file model.cif (mmCIF, C-alpha atoms)
data_input
loop_
_atom_site.label_atom_id
_atom_site.label_comp_id
_atom_site.auth_asym_id
_atom_site.auth_seq_id
_atom_site.Cartn_x
_atom_site.Cartn_y
_atom_site.Cartn_z
CA MET A 1 211.76 197.71 240.90
CA VAL A 2 208.51 198.55 239.21
CA ILE A 3 207.98 198.75 235.47
CA GLU A 4 205.47 200.84 233.59
CA CYS A 5 202.95 199.76 230.99
CA LYS A 6 205.12 201.04 228.15
CA HIS A 7 207.95 198.78 229.19
CA VAL A 8 205.63 195.81 229.38
CA TRP A 9 204.48 196.47 225.81
CA GLY A 10 208.06 196.15 224.67
CA TYR A 11 208.20 192.68 226.18
CA ILE A 12 204.93 191.34 224.77
CA SER A 13 206.49 189.15 222.12
CA ASP A 14 209.25 187.67 224.28
CA TYR A 15 206.79 187.15 227.10
CA LEU A 16 204.50 185.18 224.81
CA ASP A 17 207.46 183.11 223.65
CA ALA A 18 208.58 182.60 227.26
CA SER A 19 212.00 183.87 226.24
CA LEU A 20 212.37 186.71 228.75
CA PRO A 21 215.17 186.53 231.28
CA GLU A 22 213.75 185.36 234.59
CA ASP A 23 214.15 188.66 236.44
CA ILE A 24 212.32 190.60 233.75
CA ARG A 25 209.66 187.94 233.44
CA GLN A 26 208.94 188.32 237.12
CA LEU A 27 208.67 192.08 236.82
CA VAL A 28 206.25 191.73 233.92
CA GLN A 29 204.32 189.11 235.83
CA LYS A 30 203.99 191.38 238.83
CA HIS A 31 202.80 194.21 236.66
CA LEU A 32 200.20 192.02 234.98
CA GLU A 33 198.75 191.04 238.31
CA HIS A 34 197.49 194.52 238.93
CA CYS A 35 197.22 196.04 235.44
CA GLU A 36 194.01 195.25 233.60
CA ILE A 37 195.11 197.05 230.46
CA CYS A 38 198.35 195.15 229.99
CA SER A 39 196.60 191.88 230.83
CA ALA A 40 193.99 192.61 228.17
CA ILE A 41 196.70 193.50 225.65
CA LEU A 42 198.50 190.23 226.27
CA ASP A 43 195.32 188.19 226.19
CA SER A 44 194.20 189.79 222.95
CA THR A 45 197.61 189.37 221.31
CA ARG A 46 197.75 185.72 222.27
CA ASN A 47 194.20 185.19 221.06
CA ILE A 48 194.92 186.93 217.74
CA LEU A 49 198.03 184.80 217.16
CA ILE A 50 196.01 181.64 217.61
CA LEU A 51 193.33 182.89 215.22
CA THR A 52 195.69 184.07 212.49
CA ALA A 53 197.63 180.79 212.62
CA ASP A 54 194.47 178.81 211.95
CA GLU A 55 194.74 177.09 208.61
CA ARG A 56 191.20 178.01 207.72
CA VAL A 57 192.18 181.69 207.50
CA PHE A 58 194.45 181.24 204.50
CA GLU A 59 193.57 178.39 202.23
CA LEU A 60 195.38 177.10 199.18
CA PRO A 61 193.72 178.06 195.89
CA ILE A 62 191.35 175.39 194.60
CA GLY A 63 193.24 172.92 192.43
CA PHE A 64 196.64 174.16 193.60
CA SER A 65 197.88 170.74 194.55
CA GLU A 66 196.64 169.05 191.36
CA ARG A 67 198.28 171.65 189.13
CA LEU A 68 201.52 171.45 191.07
CA HIS A 69 201.76 167.68 190.86
CA ALA A 70 200.83 167.69 187.20
CA ARG A 71 203.70 170.08 186.53
CA ILE A 72 206.09 168.02 188.59
CA GLU A 73 205.00 164.89 186.76
CA LEU A 74 205.91 166.57 183.47
CA GLU A 75 209.33 167.34 184.88
CA LEU A 76 209.79 163.78 186.12
CA GLN A 77 208.80 162.38 182.73
CA GLY A 78 211.18 164.81 181.10
CA THR A 79 214.09 163.56 183.16
CA GLY A 80 213.20 160.01 182.34
CA GLY A 81 212.65 159.22 185.97
CA GLY A 82 208.90 158.61 185.89
CA MET B 1 202.66 167.50 226.61
CA HIS B 2 200.73 168.08 223.50
CA LYS B 3 197.49 169.54 224.55
CA CYS B 4 195.28 170.86 221.89
CA HIS B 5 194.62 174.50 222.54
CA ARG B 6 191.18 174.07 221.10
CA ALA B 7 190.21 171.68 223.83
CA ASN B 8 191.53 173.96 226.54
CA HIS B 9 190.72 177.19 224.93
CA ARG B 10 187.93 178.54 227.05
CA SER B 11 188.98 177.25 230.40
CA VAL B 12 192.56 178.35 229.97
CA LYS B 13 191.83 181.79 228.68
CA LYS B 14 189.43 182.69 231.44
CA GLN B 15 192.28 182.57 233.90
CA THR B 16 194.49 184.91 232.01
CA VAL B 17 193.16 188.22 233.25
CA ARG B 18 194.90 187.41 236.48
CA ILE B 19 197.75 185.22 235.48
CA ALA B 20 199.31 183.39 238.38
CA ASP B 21 202.28 182.04 236.53
CA VAL B 22 202.92 182.20 232.84
CA SER B 23 204.29 178.69 232.81
CA ASP B 24 200.85 177.44 233.78
CA ILE B 25 199.36 178.55 230.53
CA TRP B 26 202.23 178.75 228.11
CA PRO B 27 203.53 175.27 227.60
CA TRP B 28 200.70 174.40 225.29
CA PHE B 29 200.92 177.58 223.32
CA ASN B 30 204.59 178.21 223.13
CA ARG B 31 206.14 175.22 221.44
CA ASN B 32 203.33 172.77 221.51
CA ARG B 33 200.67 174.92 220.05
CA CYS B 34 198.48 172.34 218.55
CA ALA B 35 198.38 173.03 214.88
CA HIS B 36 195.05 171.38 214.42
CA ARG B 37 194.35 170.44 210.85
CA LYS B 38 198.04 170.47 210.13
CA THR B 39 199.41 167.15 209.07
CA VAL B 40 202.86 167.49 210.51
CA GLU B 41 203.60 167.77 214.18
CA ARG B 42 206.49 170.11 214.51
CA ASN B 43 208.29 168.89 217.53
CA GLY B 44 209.19 165.82 219.46
CA VAL B 45 209.42 162.33 218.12
CA THR B 46 207.17 162.93 215.16
CA MET B 47 209.46 165.64 213.88
CA ILE B 48 212.54 163.43 214.17
CA LYS B 49 210.73 160.66 212.36
CA GLN B 50 209.70 163.07 209.68
CA ASN B 51 213.27 164.26 209.19
CA ASP B 52 214.58 160.71 208.99
CA ASN B 53 211.83 159.79 206.64
CA GLU B 54 212.56 162.78 204.43
CA ALA B 55 216.27 162.01 204.35
CA ALA B 56 215.49 158.44 203.30
CA MET B 57 213.05 159.62 200.63
CA ILE B 58 215.56 162.09 199.25
CA ALA B 59 218.19 159.36 199.04
CA SER B 60 215.72 157.14 197.15
CA ILE B 61 214.75 159.94 194.79
CA LEU B 62 218.38 160.64 194.01
CA ALA B 63 218.86 156.93 193.42
CA GLY B 64 216.16 157.04 190.76
CA ALA B 65 212.81 156.63 192.52
CA THR B 66 211.77 160.08 191.37
CA GLN B 67 208.05 159.45 191.83
CA LEU B 68 208.65 159.73 195.57
CA TYR B 69 209.15 163.45 195.08
CA HIS B 70 205.38 163.85 194.96
CA GLU B 71 205.16 162.43 198.48
CA LEU B 72 208.19 164.30 199.76
CA ILE B 73 206.71 167.70 199.05
CA ARG B 74 203.10 167.11 200.07
CA PRO B 75 203.55 168.32 203.68
CA HIS B 76 205.29 171.48 202.42
CA GLU B 77 202.92 172.69 199.73
CA ARG B 78 201.13 175.05 201.99
CA SER B 79 204.14 176.71 203.60
CA VAL B 80 205.84 177.27 200.25
CA TYR B 81 202.72 178.80 198.77
CA MET B 82 202.12 181.03 201.79
CA MET B 83 205.72 182.20 201.73
CA ALA B 84 205.42 183.12 198.06
CA LEU B 85 202.16 184.87 198.77
CA SER B 86 203.82 186.99 201.42
CA PHE B 87 205.99 188.45 198.67
CA VAL B 88 203.64 188.99 195.80
CA LYS B 89 200.24 189.28 197.47
CA ASN B 90 198.63 187.85 194.37
CA GLU B 91 197.40 184.28 194.24
CA ALA B 92 198.33 183.50 190.63
CA ASP B 93 201.88 184.84 190.98
CA ALA B 94 202.31 183.07 194.30
CA GLU B 95 201.23 179.79 192.73
CA ASP B 96 203.69 180.30 189.91
CA ILE B 97 206.53 180.98 192.29
CA ALA B 98 205.60 177.96 194.40
CA GLN B 99 205.61 175.68 191.34
CA GLU B 100 208.96 177.03 190.20
CA ALA B 101 210.42 176.60 193.68
CA PHE B 102 209.33 172.95 193.83
CA LEU B 103 210.79 172.30 190.39
CA LYS B 104 214.07 173.96 191.31
CA ALA B 105 214.22 172.00 194.54
CA PHE B 106 213.82 168.81 192.52
CA ARG B 107 216.50 169.76 190.03
CA ASN B 108 218.89 170.69 192.83
CA LEU B 109 217.99 167.94 195.22
CA SER B 110 221.50 166.53 195.15
CA ALA B 111 222.71 169.82 196.65
CA PHE B 112 220.48 169.38 199.70
CA ARG B 113 222.53 168.72 202.80
CA ALA B 114 220.94 166.48 205.39
CA GLU B 115 222.15 168.63 208.28
CA SER B 116 219.63 171.30 207.37
CA LYS B 117 215.91 170.75 207.41
CA PHE B 118 214.23 170.10 204.10
CA SER B 119 211.51 172.62 204.98
CA THR B 120 214.06 175.37 205.68
CA TRP B 121 215.88 174.58 202.46
CA LEU B 122 212.65 174.74 200.49
CA ILE B 123 211.72 178.07 202.05
CA SER B 124 215.05 179.59 201.04
CA ILE B 125 214.60 178.35 197.47
CA THR B 126 211.13 179.89 197.48
CA LEU B 127 212.48 183.19 198.75
CA ASN B 128 215.15 183.27 196.06
CA GLU B 129 212.58 182.52 193.42
CA ALA B 130 210.25 185.24 194.69
CA ARG B 131 213.06 187.78 194.91
CA SER B 132 214.34 187.11 191.42
CA ARG B 133 210.79 187.25 190.09
CA LEU B 134 210.26 190.65 191.66
CA ARG B 135 213.56 191.93 190.32
CA GLN B 136 212.59 190.89 186.82
CA GLN B 137 209.26 192.64 187.13
CA THR B 138 210.51 195.95 188.32
CA THR B 139 213.57 198.12 188.07
CA VAL B 140 212.86 199.64 191.44
CA ARG B 141 215.48 198.57 193.91
CA MET B 142 214.29 195.96 196.31
CA ASP B 143 216.03 197.27 199.38
CA SER B 144 212.71 197.89 201.01
CA LEU B 145 212.13 194.16 201.06
CA ASP B 146 215.32 193.44 202.88
CA ASP B 147 215.73 196.27 205.31
CA PRO B 148 213.43 197.43 208.04
CA PRO B 149 212.01 200.74 206.86
CA ASP B 150 212.74 202.46 210.15
CA ASP B 151 214.46 200.80 213.01
CA LYS B 152 213.39 203.54 215.34
CA VAL B 153 209.75 202.90 214.69
CA VAL B 154 207.82 202.19 217.86
CA VAL B 155 204.69 200.15 217.53
CA SER B 156 202.21 200.42 220.35
CA PRO B 157 199.29 198.13 220.99
CA ALA B 158 195.60 198.95 221.05
CA LEU B 159 194.59 199.70 224.63
CA LEU B 160 191.80 197.63 226.04
CA ARG B 161 190.30 197.32 229.49
CA ASP B 162 189.33 193.73 229.08
CA TRP B 163 189.39 190.99 226.48
CA ARG B 164 186.75 188.41 225.89
CA GLU B 165 188.34 185.42 224.30
CA ILE B 166 187.38 184.65 220.73
CA PRO B 167 187.31 180.91 220.18
CA SER B 168 188.91 179.32 217.11
CA GLU B 169 185.47 178.42 215.84
CA ALA B 170 185.01 182.11 214.98
CA VAL B 171 187.21 181.64 211.89
CA GLU B 172 184.33 179.67 210.38
CA ARG B 173 182.72 183.07 209.88
CA GLN B 174 183.62 184.65 206.57
CA GLU B 175 183.76 188.19 207.98
CA ILE B 176 186.21 187.11 210.70
CA ARG B 177 188.36 185.23 208.21
CA GLN B 178 188.47 188.22 205.94
CA MET B 179 189.38 190.51 208.80
CA LEU B 180 192.30 188.28 209.75
CA GLN B 181 193.45 187.86 206.14
CA GLU B 182 193.43 191.58 205.47
CA ALA B 183 195.36 192.35 208.63
CA VAL B 184 198.10 189.82 207.85
CA VAL B 185 198.33 190.84 204.19
CA SER B 186 198.61 194.50 205.13
CA LEU B 187 201.70 193.89 207.27
CA PRO B 188 204.84 195.27 205.64
CA THR B 189 206.60 192.41 203.81
CA ILE B 190 209.56 192.08 206.17
CA TYR B 191 207.23 191.68 209.12
CA ARG B 192 204.83 189.43 207.33
CA GLN B 193 207.55 186.98 206.32
CA VAL B 194 208.81 186.57 209.85
CA PHE B 195 205.28 186.27 211.17
CA GLN B 196 204.41 183.72 208.54
CA LEU B 197 207.36 181.48 209.28
CA ARG B 198 207.41 181.78 213.03
CA ASP B 199 203.76 182.10 213.99
CA VAL B 200 201.94 180.42 211.14
CA GLU B 201 204.39 177.74 210.03
CA GLU B 202 205.76 177.47 213.57
CA LEU B 203 209.43 177.42 212.74
CA SER B 204 211.78 178.26 215.60
CA VAL B 205 213.33 181.72 215.78
CA LYS B 206 216.63 180.24 214.60
CA GLU B 207 215.04 178.40 211.68
CA THR B 208 213.20 181.57 210.70
CA ALA B 209 216.47 183.49 210.78
CA ASP B 210 218.20 180.84 208.65
CA ALA B 211 215.40 180.69 206.11
CA LEU B 212 215.31 184.45 205.66
CA GLY B 213 219.06 184.94 205.91
CA ILE B 214 218.73 187.44 208.76
CA SER B 215 219.97 187.46 212.34
CA VAL B 216 218.11 186.03 215.32
CA PRO B 217 217.76 189.48 216.95
CA SER B 218 216.25 190.80 213.70
CA VAL B 219 213.72 187.99 213.73
CA LYS B 220 212.76 188.87 217.29
CA VAL B 221 212.38 192.57 216.57
CA ARG B 222 210.30 191.99 213.45
CA LEU B 223 208.20 189.36 215.12
CA HIS B 224 207.45 191.67 218.01
CA ARG B 225 206.38 194.43 215.67
CA ALA B 226 204.29 192.12 213.54
CA ARG B 227 202.46 190.78 216.56
CA VAL B 228 201.82 194.21 218.05
CA MET B 229 200.70 195.59 214.67
CA LEU B 230 198.20 192.76 214.38
CA GLN B 231 196.96 193.31 217.91
CA LYS B 232 196.57 197.01 217.23
CA GLN B 233 194.65 196.51 214.05
CA LEU B 234 192.61 193.47 214.93
CA SER B 235 191.62 193.72 218.55
CA PRO B 236 189.15 196.61 218.12
CA LEU B 237 187.68 194.99 214.99
CA LEU B 238 187.35 191.57 216.56
CA LYS B 239 185.91 193.03 219.70
CA SER B 240 183.09 194.73 217.84
CA ALA B 241 182.54 191.72 215.57
CA ASN B 242 182.28 189.45 218.55
CA PRO B 243 180.45 191.44 221.22
CA GLY B 244 180.13 189.80 224.57
CA PRO B 245 177.01 189.41 226.66
CA LYS B 246 175.67 192.67 228.00
CA ARG B 247 177.32 193.57 231.22
CA ARG B 248 174.20 194.84 232.89
CA TRP B 249 171.33 192.51 232.90
CA LEU B 250 168.02 192.73 234.58
CA PRO B 251 167.54 189.84 236.94
CA TRP B 252 163.77 189.82 236.56
CA LEU B 253 163.85 189.24 232.80
#
call {"tool": "encode", "arguments": {"input": "model.cif", "output": "structure tokens"}}
result
Amino acid sequence: MVIECKHVWGYISDYLDASLPEDIRQLVQKHLEHCEICSAILDSTRNILILTADERVFELPIGFSERLHARIELELQGTGGG
Amino acid sequence: MHKCHRANHRSVKKQTVRIADVSDIWPWFNRNRCAHRKTVERNGVTMIKQNDNEAAMIASILAGATQLYHELIRPHERSVYMMALSFVKNEADAEDIAQEAFLKAFRNLSAFRAESKFSTWLISITLNEARSRLRQQTTVRMDSLDDPPDDKVVVSPALLRDWREIPSEAVERQEIRQMLQEAVVSLPTIYRQVFQLRDVEELSVKETADALGISVPSVKVRLHRARVMLQKQLSPLLKSANPGPKRRWLPWL
């Protein structure tokens, strides 16, 4: 059985998570071996996931932690636990 | 084992145009994606130790050592804030929600059950806080936050002939960072939340489902769409922001 590009696109996410059933994974694998477009789509998706997960992309606001702990400290004092 | 993707980045990615076997390249990305700069390893022994440690800290806090709460929440500050931000898309409101969530978690700590993970519990408190905040702010029904807008929607990726890998170092560049931020922020909320928990905070699919109160298949569908939406939006932008060496070069120059 041969699958088309469109089918492969539907499997991108599960393929990246290695959660495809073995028979489908093999079909996708076979397709990727000869399809430059689908290979590039997978490579770019994987690359983008690594970049967007990088902690430097979204940073906590400056002083976030200090303000949070100050507020918690007030709460702790209030409960008599501090 | 835990290989840092940064160390392997270039060498691994070059092979991926012709992938021999996905298992050759996926172990390090799939579960063991090295979350460099993250303080908490999310699997294996470290995770078990962290859970045990958290359970012990919670017991001590409940027994009166309340100062330990500061330490208990330190590893979770970021994920709680980011989760709040995925709702309100405004830094000040997100910070407010995060603070409230941490205070509520403290006040309700005795209700925490050790069989669930503290991080998952915190995320659900944060979600409740964000939802109730939004309901107070608007009379518009919030269904759009809970239901996929159109289950029939088909998201297709951007078509490329080739992909030149962009190393993690590229996020040092402000323009790249901004590009990535804008793409994630522009995802519809239901997709962004799943993406945030699964791909940024690296929760499992099941944990993501539990935290959001949705089914595992829903998580998978939303995650797929989020990933493809990001690929569609970002790959052309990143490609032009990070042009490769010219294909044709003159050997005598």
call {"tool": "interface_residues", "arguments": {"input": "model.cif", "of": "chain B", "to": "chain A", "cutoff": "7 Å", "atoms": "all atoms listed in the file", "output": "MDAnalysis selection string"}}
result
chainID B and resid 16:19 30 64 66:67 70 78 99 103 159:163 165:166 168 171 177 180:181 199:200 224 227 231 235
call {"tool": "closest_residue", "arguments": {"input": "model.cif", "among": "B:Ser119, B:Asn242, B:Asn90, B:Ser79", "to": "Ala55 in chain B", "atoms": "all atoms listed in the file"}}
result
B:Ser119
call {"tool": "closest_residue", "arguments": {"input": "model.cif", "among": "B:Ala170, B:Leu127, B:Leu72, B:Glu95", "to": "Asn53 in chain B", "atoms": "all atoms listed in the file"}}
result
B:Leu72
call {"tool": "closest_residue", "arguments": {"input": "model.cif", "among": "B:Ser215, B:Gln196, B:Thr126, B:Thr120", "to": "Asp96 in chain B", "atoms": "only C-alpha atoms"}}
result
B:Thr126
call {"tool": "residues_near_point", "arguments": {"input": "model.cif", "point": "(180.7, 195.1, 211.8)", "cutoff": "12 Å", "atoms": "all atoms listed in the file", "output": "PyMOL selection string"}}
result
chain B and resi 175-176+178-179+236-243
call {"tool": "atom_distance", "arguments": {"input": "model.cif", "atom1": "CA of Arg131 in chain B", "atom2": "CA of Leu223 in chain B"}}
result
20.8 Å
call {"tool": "atom_distance", "arguments": {"input": "model.cif", "atom1": "CA of Glu115 in chain B", "atom2": "CA of Met57 in chain B"}}
result
14.9 Å
call {"tool": "resolve_selection", "arguments": {"input": "model.cif", "expression": "the PyMOL selection byres ((chain B and resi 117) around 12)", "output": "PyMOL selection string"}}
result
chain B and resi 42+47-48+50-55+58+76+112-116+118-124+203-204+206-208+210-211
call {"tool": "atom_distance", "arguments": {"input": "model.cif", "atom1": "CA of Val219 in chain B", "atom2": "CA of Tyr191 in chain B"}}
result
8.8 Å
call {"tool": "build_atoms", "arguments": {"input": "model.cif", "residues": "range 2-21 of chain A", "atoms": "N, CA and C atoms", "output": "PDB file, keeping the file's coordinate frame"}}
result
ATOM      1  N   VAL A   2     209.840 198.620 239.818  1.00  0.00           N
ATOM      2  CA  VAL A   2     208.510 198.550 239.210  1.00  0.00           C
ATOM      3  C   VAL A   2     208.647 198.978 237.748  1.00  0.00           C
ATOM      4  N   ILE A   3     207.922 198.323 236.861  1.00  0.00           N
ATOM      5  CA  ILE A   3     207.980 198.750 235.470  1.00  0.00           C
ATOM      6  C   ILE A   3     206.620 199.301 235.036  1.00  0.00           C
ATOM      7  N   GLU A   4     206.696 200.194 234.065  1.00  0.00           N
ATOM      8  CA  GLU A   4     205.470 200.840 233.590  1.00  0.00           C
ATOM      9  C   GLU A   4     204.891 200.058 232.415  1.00  0.00           C
ATOM     10  N   CYS A   5     203.650 200.431 232.098  1.00  0.00           N
ATOM     11  CA  CYS A   5     202.950 199.760 230.990  1.00  0.00           C
ATOM     12  C   CYS A   5     203.788 199.777 229.710  1.00  0.00           C
ATOM     13  N   LYS A   6     204.369 200.920 229.409  1.00  0.00           N
ATOM     14  CA  LYS A   6     205.120 201.040 228.150  1.00  0.00           C
ATOM     15  C   LYS A   6     206.243 200.022 228.056  1.00  0.00           C
ATOM     16  N   HIS A   7     206.884 199.775 229.193  1.00  0.00           N
ATOM     17  CA  HIS A   7     207.950 198.780 229.190  1.00  0.00           C
ATOM     18  C   HIS A   7     207.383 197.389 228.939  1.00  0.00           C
ATOM     19  N   VAL A   8     206.249 197.132 229.554  1.00  0.00           N
ATOM     20  CA  VAL A   8     205.630 195.810 229.380  1.00  0.00           C
ATOM     21  C   VAL A   8     205.302 195.582 227.905  1.00  0.00           C
ATOM     22  N   TRP A   9     204.849 196.634 227.228  1.00  0.00           N
ATOM     23  CA  TRP A   9     204.480 196.470 225.810  1.00  0.00           C
ATOM     24  C   TRP A   9     205.688 196.051 224.976  1.00  0.00           C
ATOM     25  N   GLY A  10     206.849 196.521 225.395  1.00  0.00           N
ATOM     26  CA  GLY A  10     208.060 196.150 224.670  1.00  0.00           C
ATOM     27  C   GLY A  10     208.438 194.682 224.867  1.00  0.00           C
ATOM     28  N   TYR A  11     207.857 194.075 225.878  1.00  0.00           N
ATOM     29  CA  TYR A  11     208.200 192.680 226.180  1.00  0.00           C
ATOM     30  C   TYR A  11     207.128 191.690 225.719  1.00  0.00           C
ATOM     31  N   ILE A  12     206.067 192.198 225.105  1.00  0.00           N
ATOM     32  CA  ILE A  12     204.930 191.340 224.770  1.00  0.00           C
ATOM     33  C   ILE A  12     205.376 190.067 224.039  1.00  0.00           C
ATOM     34  N   SER A  13     206.145 190.271 222.980  1.00  0.00           N
ATOM     35  CA  SER A  13     206.490 189.150 222.120  1.00  0.00           C
ATOM     36  C   SER A  13     207.353 188.120 222.859  1.00  0.00           C
ATOM     37  N   ASP A  14     208.376 188.596 223.546  1.00  0.00           N
ATOM     38  CA  ASP A  14     209.250 187.670 224.280  1.00  0.00           C
ATOM     39  C   ASP A  14     208.497 187.012 225.430  1.00  0.00           C
ATOM     40  N   TYR A  15     207.582 187.748 226.019  1.00  0.00           N
ATOM     41  CA  TYR A  15     206.790 187.150 227.100  1.00  0.00           C
ATOM     42  C   TYR A  15     205.959 186.003 226.544  1.00  0.00           C
ATOM     43  N   LEU A  16     205.331 186.239 225.416  1.00  0.00           N
ATOM     44  CA  LEU A  16     204.500 185.180 224.810  1.00  0.00           C
ATOM     45  C   LEU A  16     205.335 183.975 224.407  1.00  0.00           C
ATOM     46  N   ASP A  17     206.584 184.222 224.029  1.00  0.00           N
ATOM     47  CA  ASP A  17     207.460 183.110 223.650  1.00  0.00           C
ATOM     48  C   ASP A  17     208.192 182.523 224.852  1.00  0.00           C
ATOM     49  N   ALA A  18     207.894 183.050 226.037  1.00  0.00           N
ATOM     50  CA  ALA A  18     208.580 182.600 227.260  1.00  0.00           C
ATOM     51  C   ALA A  18     210.085 182.691 227.103  1.00  0.00           C
ATOM     52  N   SER A  19     210.551 183.749 226.448  1.00  0.00           N
ATOM     53  CA  SER A  19     212.000 183.870 226.240  1.00  0.00           C
ATOM     54  C   SER A  19     212.583 185.067 226.981  1.00  0.00           C
ATOM     55  N   LEU A  20     211.829 185.604 227.955  1.00  0.00           N
ATOM     56  CA  LEU A  20     212.370 186.710 228.750  1.00  0.00           C
ATOM     57  C   LEU A  20     213.307 186.168 229.821  1.00  0.00           C
ATOM     58  N   PRO A  21     214.355 186.929 230.130  1.00  0.00           N
ATOM     59  CA  PRO A  21     215.170 186.530 231.280  1.00  0.00           C
ATOM     60  C   PRO A  21     214.287 186.491 232.534  1.00  0.00           C
TER      61      PRO A  21
END
